[in-house]
$ cat query.cif   # mmCIF, C-alpha atoms
data_entry
loop_
_atom_site.label_atom_id
_atom_site.label_comp_id
_atom_site.auth_asym_id
_atom_site.auth_seq_id
_atom_site.Cartn_x
_atom_site.Cartn_y
_atom_site.Cartn_z
CA MET P 1 53.63 21.40 6.36
CA PRO P 2 55.18 18.27 4.70
CA THR P 3 56.53 17.21 8.11
CA LEU P 4 53.05 17.57 9.63
CA ILE P 5 51.48 15.49 6.86
CA VAL P 6 54.05 12.75 7.35
CA ARG P 7 53.41 12.78 11.11
CA VAL P 8 49.65 12.48 10.60
CA LEU P 9 50.10 9.60 8.19
CA MET P 10 52.41 7.84 10.64
CA ASP P 11 49.87 8.33 13.44
CA LEU P 12 47.13 6.88 11.25
CA ARG P 13 49.33 3.91 10.32
CA ILE P 14 50.07 3.26 14.00
CA GLY P 15 46.37 3.53 14.81
CA PHE P 16 45.40 0.99 12.16
CA SER P 17 48.17 -1.34 13.33
CA LEU P 18 46.90 -1.18 16.90
CA LEU P 19 43.37 -2.00 15.71
CA SER P 20 44.74 -4.97 13.80
CA LEU P 21 46.70 -6.20 16.82
CA ALA P 22 43.57 -5.92 18.92
CA GLY P 23 41.76 -8.22 16.51
CA LEU P 24 39.59 -5.43 15.14
CA THR P 25 39.00 -4.49 11.53
CA LEU P 26 37.25 -1.46 10.14
CA ALA P 27 35.71 -2.99 7.04
CA PRO P 28 33.39 -5.52 8.72
CA SER P 29 32.05 -2.94 11.19
CA LEU P 30 31.36 -0.52 8.36
CA SER P 31 29.47 -3.12 6.38
CA ALA P 32 27.64 -4.78 9.28
CA GLU P 33 23.88 -4.44 9.05
CA ASP P 34 20.89 -5.36 11.19
CA TRP P 35 18.18 -7.54 9.62
CA THR P 36 15.14 -6.01 11.28
CA GLN P 37 12.21 -7.22 9.15
CA TYR P 38 11.09 -10.18 7.10
CA ARG P 39 12.90 -9.82 3.74
CA GLY P 40 15.49 -7.59 5.41
CA PRO P 41 16.20 -3.90 5.91
CA ASN P 42 15.40 -3.06 2.29
CA HIS P 43 12.21 -5.18 2.09
CA ASP P 44 13.77 -7.10 -0.81
CA GLY P 45 15.88 -9.99 0.50
CA THR P 46 19.21 -8.21 0.02
CA SER P 47 21.90 -6.95 2.36
CA SER P 48 24.71 -4.41 1.91
CA GLU P 49 27.14 -6.55 3.91
CA LYS P 50 30.30 -7.98 2.38
CA LEU P 51 31.03 -11.69 2.44
CA LEU P 52 34.51 -12.17 3.84
CA LEU P 53 34.33 -15.97 3.74
CA LYS P 54 33.40 -17.17 0.26
CA GLN P 55 35.55 -20.29 0.15
CA TRP P 56 34.38 -22.58 2.96
CA PRO P 57 36.54 -25.19 4.69
CA SER P 58 35.84 -28.81 3.76
CA ARG P 59 33.94 -29.30 7.03
CA GLY P 60 31.83 -26.24 6.32
CA PRO P 61 31.80 -22.79 7.93
CA LYS P 62 31.96 -22.36 11.68
CA VAL P 63 28.66 -23.09 13.43
CA VAL P 64 28.68 -20.50 16.22
CA TRP P 65 25.77 -22.15 18.00
CA LYS P 66 22.99 -24.62 17.39
CA SER P 67 19.89 -25.15 19.53
CA ASP P 68 16.78 -27.30 19.68
CA ALA P 69 15.11 -24.90 22.15
CA TYR P 70 12.97 -23.24 19.46
CA PRO P 71 10.86 -26.08 18.03
CA LEU P 72 8.37 -25.93 15.20
CA GLY P 73 7.75 -23.04 12.93
CA PHE P 74 8.60 -21.41 9.63
CA SER P 75 9.15 -18.02 11.21
CA SER P 76 12.50 -16.61 10.13
CA PHE P 77 14.91 -14.70 12.33
CA THR P 78 15.25 -10.97 12.64
CA VAL P 79 18.41 -9.57 14.20
CA LYS P 80 19.37 -6.31 15.85
CA GLY P 81 22.77 -5.98 17.45
CA GLU P 82 23.19 -8.61 20.16
CA ARG P 83 19.61 -9.91 19.94
CA ALA P 84 17.81 -12.22 17.53
CA PHE P 85 14.05 -12.82 17.42
CA THR P 86 11.75 -15.51 16.05
CA VAL P 87 8.47 -17.32 16.82
CA CYS P 88 8.17 -20.98 17.80
CA ALA P 89 5.47 -23.25 19.26
CA ARG P 90 5.41 -24.41 22.88
CA SER P 91 2.66 -26.02 24.95
CA GLY P 92 0.05 -25.35 22.30
CA LYS P 93 0.85 -21.64 21.94
CA GLU P 94 2.75 -19.50 19.50
CA VAL P 95 5.62 -17.96 21.43
CA ALA P 96 7.72 -14.94 20.46
CA VAL P 97 11.29 -15.39 21.70
CA ALA P 98 14.37 -13.19 22.00
CA LEU P 99 17.77 -14.80 22.17
CA ASN P 100 21.37 -13.78 22.48
CA ALA P 101 22.64 -13.63 18.91
CA ASP P 102 26.14 -14.67 20.01
CA THR P 103 25.16 -17.75 22.02
CA GLY P 104 21.59 -18.74 21.16
CA ARG P 105 20.64 -18.43 24.84
CA GLU P 106 17.03 -17.40 25.38
CA LEU P 107 16.55 -13.93 26.87
CA TRP P 108 12.76 -13.76 27.11
CA SER P 109 9.59 -15.28 25.68
CA HIS P 110 6.03 -14.06 25.23
CA ALA P 111 3.15 -16.50 24.71
CA MET P 112 0.54 -15.50 22.16
CA THR P 113 -2.50 -17.22 20.61
CA PRO P 114 -2.88 -21.02 20.06
CA SER P 115 -0.65 -22.78 17.54
CA GLN P 116 -3.44 -24.45 15.57
CA TYR P 117 -3.67 -23.97 11.82
CA GLY P 118 -6.16 -26.50 10.51
CA HIS P 119 -3.75 -28.61 8.48
CA ASN P 120 -0.74 -30.87 8.94
CA GLY P 121 1.98 -29.11 7.01
CA GLY P 122 1.63 -30.70 3.57
CA ASN P 123 3.05 -34.05 2.62
CA ALA P 124 5.79 -33.61 5.20
CA GLY P 125 3.13 -33.68 7.90
CA ALA P 126 3.61 -37.44 8.13
CA ARG P 127 7.06 -36.71 9.56
CA ASN P 128 5.80 -34.16 12.04
CA ASN P 129 2.05 -34.01 12.42
CA GLN P 130 1.84 -30.86 14.50
CA GLY P 131 -1.16 -29.11 12.98
CA GLY P 132 0.84 -27.07 10.46
CA ASP P 133 4.37 -27.31 11.83
CA GLY P 134 4.18 -24.08 13.76
CA PRO P 135 4.15 -20.29 13.29
CA ARG P 136 4.89 -18.69 9.93
CA SER P 137 5.03 -14.97 10.80
CA THR P 138 8.39 -13.29 11.42
CA PRO P 139 8.89 -10.57 14.07
CA THR P 140 9.75 -6.99 13.09
CA ILE P 141 12.10 -4.83 15.18
CA ASP P 142 11.84 -1.04 15.29
CA SER P 143 12.73 1.70 17.78
CA GLY P 144 13.24 -0.66 20.72
CA ARG P 145 10.08 -2.64 20.08
CA VAL P 146 9.25 -6.04 18.58
CA TYR P 147 6.09 -6.42 16.49
CA VAL P 148 4.65 -9.91 16.01
CA MET P 149 1.45 -11.00 14.23
CA SER P 150 -0.07 -14.23 15.49
CA ALA P 151 -1.85 -16.83 13.38
CA ASP P 152 -5.13 -15.54 14.82
CA LEU P 153 -4.49 -11.97 13.57
CA VAL P 154 -3.49 -10.45 16.88
CA LEU P 155 -0.67 -7.93 16.47
CA TYR P 156 1.59 -7.65 19.53
CA CYS P 157 3.98 -4.80 20.29
CA LEU P 158 6.60 -5.96 22.80
CA ASP P 159 9.54 -4.30 24.49
CA GLU P 160 12.74 -5.38 22.75
CA LYS P 161 14.74 -5.84 25.96
CA THR P 162 12.14 -7.43 28.25
CA GLY P 163 9.33 -8.85 26.10
CA LYS P 164 6.82 -6.84 28.11
CA GLU P 165 3.67 -6.08 26.12
CA ASN P 166 3.20 -2.43 25.17
CA TRP P 167 -0.04 -2.93 23.25
CA GLN P 168 -1.90 -5.42 21.11
CA ARG P 169 -4.50 -5.14 18.38
CA ASP P 170 -6.91 -7.97 17.60
CA LEU P 171 -7.95 -7.51 13.97
CA ILE P 172 -10.79 -10.00 14.21
CA ARG P 173 -12.32 -8.39 17.28
CA GLN P 174 -11.46 -4.74 16.65
CA ASN P 175 -11.57 -4.54 12.85
CA SER P 176 -14.12 -7.22 11.88
CA GLY P 177 -11.20 -9.29 10.65
CA ARG P 178 -11.48 -12.30 8.39
CA ASN P 179 -8.74 -14.89 8.67
CA ILE P 180 -7.66 -17.19 5.86
CA LYS P 181 -7.65 -20.99 5.63
CA TRP P 182 -4.60 -22.27 7.57
CA LYS P 183 -4.54 -18.85 9.28
CA ASN P 184 -2.18 -15.92 9.05
CA ALA P 185 1.38 -16.36 7.76
CA ALA P 186 2.14 -12.71 6.93
CA SER P 187 4.57 -10.57 8.91
CA PRO P 188 3.97 -6.99 10.06
CA LEU P 189 5.67 -4.44 7.81
CA ILE P 190 6.97 -1.14 9.24
CA ASP P 191 7.76 1.97 7.22
CA GLY P 192 8.30 5.22 9.08
CA ASP P 193 5.70 5.47 11.83
CA LEU P 194 3.29 3.00 10.24
CA VAL P 195 2.72 -0.74 10.60
CA PHE P 196 1.03 -2.32 7.56
CA VAL P 197 -1.14 -5.43 7.92
CA ALA P 198 -3.99 -7.11 6.06
CA GLY P 199 -6.93 -9.10 7.41
CA GLY P 200 -9.54 -6.54 8.38
CA GLY P 201 -13.19 -6.67 7.38
CA ALA P 202 -15.11 -4.95 4.59
CA GLY P 203 -13.92 -1.39 4.11
CA GLU P 204 -10.91 -1.95 6.37
CA ALA P 205 -9.23 -4.98 4.83
CA LEU P 206 -5.88 -3.20 4.39
CA LEU P 207 -4.64 -1.25 7.38
CA ALA P 208 -1.95 1.17 8.43
CA LEU P 209 -1.51 1.38 12.20
CA ASN P 210 0.45 3.83 14.33
CA LYS P 211 3.49 1.85 15.47
CA ASN P 212 3.53 3.58 18.87
CA THR P 213 -0.11 3.05 19.82
CA GLY P 214 -1.61 0.42 17.50
CA LYS P 215 -4.39 2.83 16.52
CA VAL P 216 -5.67 2.84 12.94
CA VAL P 217 -4.20 5.63 10.81
CA TRP P 218 -6.02 4.55 7.68
CA SER P 219 -7.96 1.53 6.46
CA THR P 220 -9.40 0.71 3.08
CA GLU P 221 -10.79 -1.84 0.58
CA ASP P 222 -12.66 -5.14 0.90
CA ASP P 223 -9.96 -7.61 -0.21
CA LEU P 224 -9.77 -10.98 1.49
CA MET P 225 -6.27 -11.56 2.85
CA SER P 226 -3.74 -14.09 1.60
CA HIS P 227 -0.64 -15.54 3.30
CA SER P 228 1.56 -12.86 1.69
CA THR P 229 3.55 -10.18 3.52
CA PRO P 230 3.20 -6.74 1.88
CA VAL P 231 6.13 -4.69 0.57
CA VAL P 232 6.91 -0.96 0.55
CA ALA P 233 8.82 0.81 -2.23
CA GLU P 234 9.08 4.14 -3.98
CA ILE P 235 7.94 3.71 -7.58
CA LEU P 236 7.74 6.57 -10.07
CA GLY P 237 8.18 9.07 -7.26
CA THR P 238 5.43 7.74 -5.00
CA ARG P 239 6.05 5.69 -1.87
CA GLN P 240 3.53 2.87 -1.84
CA VAL P 241 2.67 -0.33 0.00
CA ILE P 242 1.77 -3.29 -2.20
CA PHE P 243 -0.54 -5.94 -0.76
CA PHE P 244 -0.96 -9.31 -2.51
CA THR P 245 -4.53 -10.33 -1.69
CA GLN P 246 -6.98 -12.92 -2.96
CA THR P 247 -7.97 -10.40 -5.63
CA GLY P 248 -4.42 -9.74 -6.79
CA MET P 249 -1.93 -6.94 -6.19
CA VAL P 250 -3.21 -3.65 -4.83
CA ALA P 251 -0.93 -0.67 -4.20
CA CYS P 252 -1.85 2.06 -1.72
CA ASP P 253 -0.24 5.41 -1.03
CA VAL P 254 1.50 5.00 2.33
CA LYS P 255 0.29 8.40 3.54
CA ASP P 256 -3.47 7.97 3.24
CA GLY P 257 -4.25 4.53 1.79
CA ALA P 258 -5.45 5.88 -1.56
CA VAL P 259 -5.40 3.05 -4.10
CA LEU P 260 -2.80 3.82 -6.78
CA TRP P 261 -3.18 0.75 -8.98
CA ARG P 262 -4.47 -2.82 -9.08
CA TYR P 263 -3.59 -5.96 -10.97
CA ASN P 264 -6.05 -8.85 -10.88
CA PHE P 265 -4.44 -12.24 -10.24
CA LYS P 266 -6.10 -15.60 -9.67
CA PHE P 267 -6.28 -17.02 -6.16
CA ALA P 268 -6.34 -20.76 -5.52
CA VAL P 269 -5.85 -22.20 -2.02
CA SER P 270 -2.88 -20.02 -1.02
CA THR P 271 -0.98 -16.98 -2.26
CA ALA P 272 2.15 -16.66 -0.15
CA ILE P 273 5.08 -14.83 -1.75
CA THR P 274 5.77 -11.13 -1.36
CA PRO P 275 5.62 -9.15 -4.64
CA VAL P 276 9.11 -8.51 -6.01
CA ILE P 277 9.97 -5.06 -7.34
CA GLY P 278 12.60 -4.26 -9.96
CA GLY P 279 12.39 -0.56 -10.72
CA GLU P 280 9.00 -0.05 -12.36
CA ILE P 281 8.40 -3.78 -12.84
CA VAL P 282 6.54 -5.88 -10.25
CA TYR P 283 6.49 -9.70 -10.14
CA CYS P 284 3.91 -11.93 -8.48
CA SER P 285 3.36 -15.69 -8.34
CA ALA P 286 1.36 -18.45 -6.64
CA GLY P 287 1.24 -22.23 -6.55
CA TYR P 288 -1.72 -24.58 -6.94
CA GLY P 289 -1.73 -24.27 -10.72
CA VAL P 290 -1.86 -20.46 -10.80
CA GLY P 291 1.57 -19.47 -12.16
CA SER P 292 3.25 -16.07 -12.31
CA ALA P 293 3.10 -12.66 -13.95
CA VAL P 294 4.90 -9.35 -14.30
CA VAL P 295 3.48 -5.85 -14.74
CA ARG P 296 5.22 -2.65 -15.75
CA LEU P 297 4.04 0.56 -14.11
CA ARG P 298 3.81 3.93 -15.81
CA LYS P 299 2.02 7.19 -15.18
CA ASP P 300 -0.72 8.71 -17.29
CA GLY P 301 -0.75 12.19 -15.78
CA GLN P 302 -1.14 11.53 -12.06
CA LYS P 303 -2.73 8.11 -12.59
CA PHE P 304 -0.77 4.86 -12.30
CA VAL P 305 -1.24 2.30 -15.08
CA ALA P 306 -0.15 -1.35 -14.67
CA THR P 307 0.50 -3.13 -17.96
CA GLU P 308 1.06 -6.87 -18.06
CA LEU P 309 4.39 -7.81 -19.64
CA TRP P 310 3.99 -11.56 -19.41
CA ARG P 311 1.96 -14.22 -17.65
CA ILE P 312 2.70 -17.91 -17.30
CA HIS P 313 -0.15 -20.18 -16.21
CA GLY P 314 0.49 -23.28 -14.13
CA HIS P 315 3.73 -24.14 -12.37
CA LYS P 316 5.88 -25.92 -14.94
CA ASP P 317 8.74 -23.43 -15.15
CA VAL P 318 8.19 -20.17 -13.29
CA ALA P 319 6.07 -20.30 -10.16
CA ASN P 320 6.72 -19.90 -6.45
CA HIS P 321 4.86 -21.80 -3.76
CA TRP P 322 5.91 -19.64 -0.79
CA SER P 323 9.58 -19.01 -1.60
CA THR P 324 9.93 -15.35 -2.59
CA PRO P 325 12.71 -14.82 -5.15
CA VAL P 326 15.24 -11.97 -4.96
CA HIS P 327 15.80 -9.42 -7.73
CA GLN P 328 19.20 -8.19 -8.86
CA GLY P 329 20.22 -6.62 -12.16
CA GLY P 330 17.08 -7.53 -14.05
CA TYR P 331 16.97 -11.17 -12.90
CA LEU P 332 15.10 -13.14 -10.27
CA TYR P 333 16.99 -15.71 -8.18
CA GLY P 334 15.17 -18.18 -5.98
CA MET P 335 13.33 -21.48 -5.52
CA PHE P 336 10.79 -22.00 -8.29
CA SER P 337 8.73 -25.15 -7.79
CA PHE P 338 5.51 -26.49 -6.35
CA LYS P 339 5.47 -29.32 -3.81
CA LYS P 340 8.77 -30.66 -5.13
CA TYR P 341 10.09 -31.30 -1.64
CA GLY P 342 13.81 -32.02 -1.73
CA THR P 343 13.99 -31.76 -5.52
CA GLY P 344 12.72 -28.31 -6.51
CA SER P 345 15.12 -26.06 -8.40
CA LEU P 346 17.02 -22.91 -7.65
CA LYS P 347 16.55 -20.83 -10.80
CA CYS P 348 17.59 -17.60 -12.46
CA VAL P 349 14.69 -16.00 -14.35
CA GLN P 350 14.80 -12.89 -16.50
CA LEU P 351 12.37 -10.46 -14.90
CA SER P 352 11.17 -8.71 -18.04
CA THR P 353 10.42 -11.88 -20.05
CA GLY P 354 10.03 -14.85 -17.67
CA LYS P 355 12.80 -16.72 -19.49
CA VAL P 356 14.61 -19.29 -17.35
CA MET P 357 18.33 -18.58 -17.70
CA TRP P 358 19.51 -21.56 -15.62
CA GLU P 359 18.29 -23.96 -12.96
CA ASN P 360 19.72 -26.49 -10.55
CA GLU P 361 17.68 -29.13 -8.76
CA GLY P 362 17.87 -30.36 -5.18
CA PHE P 363 16.73 -27.32 -3.19
CA GLY P 364 13.00 -27.87 -2.66
CA PRO P 365 10.80 -25.04 -1.34
CA GLY P 366 13.52 -23.36 0.70
CA ASN P 367 14.46 -19.68 0.48
CA ALA P 368 17.30 -17.44 -0.65
CA ILE P 369 18.78 -13.99 -0.11
CA ILE P 370 21.48 -12.03 -1.98
CA VAL P 371 24.61 -10.67 -0.30
CA ASP P 372 27.67 -9.25 -2.04
CA ASP P 373 26.64 -10.62 -5.46
CA HIS P 374 26.14 -14.09 -4.00
CA ILE P 375 23.00 -16.09 -3.30
CA ILE P 376 22.78 -17.58 0.17
CA ALA P 377 20.25 -20.38 -0.22
CA LEU P 378 18.78 -22.64 2.45
CA SER P 379 17.41 -25.88 1.00
CA ASP P 380 14.40 -27.55 2.58
CA SER P 381 16.69 -30.30 3.87
CA GLY P 382 18.95 -27.93 5.83
CA GLU P 383 21.83 -27.36 3.42
CA LEU P 384 23.33 -23.88 3.28
CA VAL P 385 24.53 -23.17 -0.27
CA LEU P 386 26.52 -20.25 -1.66
CA VAL P 387 25.97 -19.53 -5.38
CA LYS P 388 27.13 -16.66 -7.57
CA ALA P 389 24.30 -14.28 -8.46
CA GLN P 390 24.92 -14.29 -12.19
CA SER P 391 22.64 -14.94 -15.15
CA SER P 392 25.16 -16.73 -17.38
CA ALA P 393 25.25 -20.09 -15.59
CA TYR P 394 24.74 -21.81 -12.24
CA ALA P 395 28.00 -21.43 -10.31
CA GLU P 396 28.06 -23.04 -6.88
CA VAL P 397 30.75 -21.72 -4.58
CA ALA P 398 30.21 -23.68 -1.36
CA ARG P 399 27.76 -26.04 0.36
CA ALA P 400 27.35 -27.43 3.89
CA LYS P 401 24.74 -29.46 5.71
CA ILE P 402 23.79 -27.50 8.84
CA LEU P 403 20.30 -28.37 10.08
CA GLU P 404 18.03 -31.36 10.55
CA GLY P 405 14.29 -31.01 10.08
CA LYS P 406 12.16 -29.18 7.55
CA CYS P 407 13.61 -25.83 6.46
CA TRP P 408 10.98 -23.60 4.87
CA THR P 409 12.33 -20.42 6.43
CA THR P 410 14.44 -17.62 4.96
CA PRO P 411 18.12 -17.37 5.91
CA VAL P 412 19.17 -13.95 7.21
CA ILE P 413 22.57 -12.29 7.59
CA SER P 414 23.74 -9.79 10.17
CA ASN P 415 27.29 -8.82 11.12
CA GLY P 416 28.79 -11.61 9.03
CA ARG P 417 26.64 -14.32 10.60
CA VAL P 418 23.82 -16.27 8.97
CA PHE P 419 20.83 -17.23 11.14
CA ILE P 420 18.72 -20.20 10.02
CA ARG P 421 15.90 -22.39 11.34
CA SER P 422 14.13 -25.65 10.74
CA THR P 423 11.23 -27.34 12.50
CA LYS P 424 13.77 -29.01 14.79
CA GLU P 425 16.77 -26.70 15.17
CA ALA P 426 18.07 -23.16 14.95
CA ALA P 427 21.66 -22.19 14.19
CA CYS P 428 24.06 -19.30 13.70
CA VAL P 429 26.81 -19.74 11.11
CA ASP P 430 29.87 -17.50 10.80
CA LEU P 431 30.67 -16.18 7.31
CA SER P 432 32.91 -13.35 8.52
CA GLY P 433 36.05 -15.46 8.30
CA LYS P 434 37.00 -14.53 11.87
CA LEU P 435 36.29 -17.95 13.37
CA ALA P 436 37.77 -21.33 12.56
CA ALA P 437 35.67 -23.99 10.88
CA ARG P 438 33.51 -26.17 13.08
#

$ encode --input "query.cif" --output "structure tokens"
Amino acid sequence: MPTLIVRVLMDLRIGFSLLSLAGLTLAPSLSAEDWTQYRGPNHDGTSSEKLLLKQWPSRGPKVVWKSDAYPLGFSSFTVKGERAFTVCARSGKEVAVALNADTGRELWSHAMTPSQYGHNGGNAGARNNQGGDGPRSTPTIDSGRVYVMSADLVLYCLDEKTGKENWQRDLIRQNSGRNIKWKNAASPLIDGDLVFVAGGGAGEALLALNKNTGKVVWSTEDDLMSHSTPVVAEILGTRQVIFFTQTGMVACDVKDGAVLWRYNFKFAVSTAITPVIGGEIVYCSAGYGVGSAVVRLRKDGQKFVATELWRIHGHKDVANHWSTPVHQGGYLYGMFSFKKYGTGSLKCVQLSTGKVMWENEGFGPGNAIIVDDHIIALSDSGELVLVKAQSSAYAEVARAKILEGKCWTTPVISNGRVFIRSTKEAACVDLSGKLAAR
């Protein structure tokens, strides 16, 4: 028996050595993860991957590819295996595109509704007056299909490999839909067999659709939509979808749409972030002088009760324009500012109190995710910044200028690579440590 054990161990050691010689490692493959929806696989801006490259070379991490073939838009990437997906604007249309994640080469495209939004993209519109700087909705990938919501509230279901249309649902035509000023910016949210979207008419403002057919499974409420993407989570034993509408936050049971709880929150011009969930605490925020708030959920028998923990009016310290913060360990990390282009701060905010623990200027209204206890932040000027996700103090680990153009999109990570976009360029950056610096 001892001889057999030794032989097995020797065989295992030889096997691992052969993998190493072949340039393969087990750890990265075990930790690799697809990023299949806006805000990631967990709906919360986090990934279970491990960062193998935390100290970047002086020239920055390796840029695997960079392309100007996907112009205009604040649509982020989603990634599954060898394919990445986003939405750009071409010839006056919003266009869903699939590209090779390894090379950036386009695999297919699918033209949708017109790329007109009724505004010029804020004060940066002077730099690129393109009627809103392009699409804002991010594709969702599930079961071999790509789901994309256009600015005109048409939901497309496309084949992942070919881009061929399986079905579409026009919320305005089929569900008496009511669009918002500057048009839709929300992304379709999939949980199980359901696709959740907002934008329907009275009595069907909030909808759950069958992901295979596009048919309505349930619809409810009269809320006018906002620019916010909903979120799904299990809270106090009940799986629920939380919409952030012009009335405030409304949570529905995913099974039948029954309203579980509401929290009224002021609407002014645009509400854009996704509610952030930390256990039984839910955070919401909006710009245009509105501010932010947190509620704690509890149950009174079978009834949900939402109790306000704190509320900050205005946007002096804690408010998000469209940059959704990420929660970890009782703290929010993200870009908190309003129209402070190029100067807005990355902050750490205590979730339960709203207290700002630290802040660092120079990020603007970009976006951030958390991977392996580190914040990966994309500033609005195209800098990729790695910061420790800790509440004690701002601790920057690495920084590199990657993109030109306006970066209001969310960085995503998949298989050790970060995918980012601006209104001018798209890029894939290697953080696996396998490739040499650019």

$ resolve_selection --input "query.cif" --expression "the PyMOL selection byres ((chain P and resi 260) around 10)" --output "list in words"
Thr238, Gln240, Val241, Ile242, Val250, Ala251, Cys252, Asp253, Gly257, Ala258, Val259, Trp261, Arg262, Gln302, Lys303, Phe304, Val305 and Ala306 of chain P

$ write_last_selection --input "query.cif" --atoms "C-alpha atoms" --output "compact mmCIF listing (two decimals), in the coordinates of the input"
# COMPACT_ATOMS: atom_id res chain seq x y z
CA THR P 238 5.43 7.74 -5.00
CA GLN P 240 3.53 2.87 -1.84
CA VAL P 241 2.67 -0.33 0.00
CA ILE P 242 1.77 -3.29 -2.20
CA VAL P 250 -3.21 -3.65 -4.83
CA ALA P 251 -0.93 -0.67 -4.20
CA CYS P 252 -1.85 2.06 -1.72
CA ASP P 253 -0.24 5.41 -1.03
CA GLY P 257 -4.25 4.53 1.79
CA ALA P 258 -5.45 5.88 -1.56
CA VAL P 259 -5.40 3.05 -4.10
CA TRP P 261 -3.18 0.75 -8.98
CA ARG P 262 -4.47 -2.82 -9.08
CA GLN P 302 -1.14 11.53 -12.06
CA LYS P 303 -2.73 8.11 -12.59
CA PHE P 304 -0.77 4.86 -12.30
CA VAL P 305 -1.24 2.30 -15.08
CA ALA P 306 -0.15 -1.35 -14.67

$ resolve_selection --input "query.cif" --expression "the PyMOL selection byres ((chain P and resi 162-177) around 10)" --output "ChimeraX atom specification"
/P:96-98,107-111,145-150,152-161,178-180,197-205,207,209,211-216,219,224-225

$ atom_distance --input "query.cif" --atom1 "CA of His227 (chain P)" --atom2 "CA of Gly287 (chain P)"
12.1 Å

$ resolve_selection --input "query.cif" --expression "the PyMOL selection byres ((chain P and resi 365-374) around 6)" --output "list of chain:residue names"
P:Gly45, P:Thr46, P:Ser47, P:Lys50, P:Ser323, P:Gly334, P:Gly364, P:Ile375, P:Ile376, P:Ala377, P:Leu378, P:Ser379, P:Asp380, P:Val387, P:Lys388, P:Ala389, P:Trp408, P:Thr410

$ atom_distance --input "query.cif" --atom1 "CA of Val385 (chain P)" --atom2 "CA of Val318 (chain P)"
21.1 Å

$ atom_distance --input "query.cif" --atom1 "CA of Val429 (chain P)" --atom2 "CA of Val64 (chain P)"
5.5 Å

$ closest_residue --input "query.cif" --among "P:Phe338, P:Ser392, P:Thr409, P:Ala293" --to "Gly354 (chain P)" --atoms "all atoms listed in the file"
P:Ala293

$ closest_residue --input "query.cif" --among "P:Tyr283, P:Trp218, P:Tyr394, P:Trp358" --to "Phe244 (chain P)" --atoms "all atoms listed in the file"
P:Tyr283

$ closest_residue --input "query.cif" --among "P:Leu332, P:Val276, P:Leu351, P:Lys434" --to "Arg311 (chain P)" --atoms "all atoms listed in the file"
P:Leu351

$ closest_residue --input "query.cif" --among "P:Arg417, P:Lys424, P:Lys340, P:Lys255" --to "Glu404 (chain P)" --atoms "only C-alpha atoms"
P:Lys424
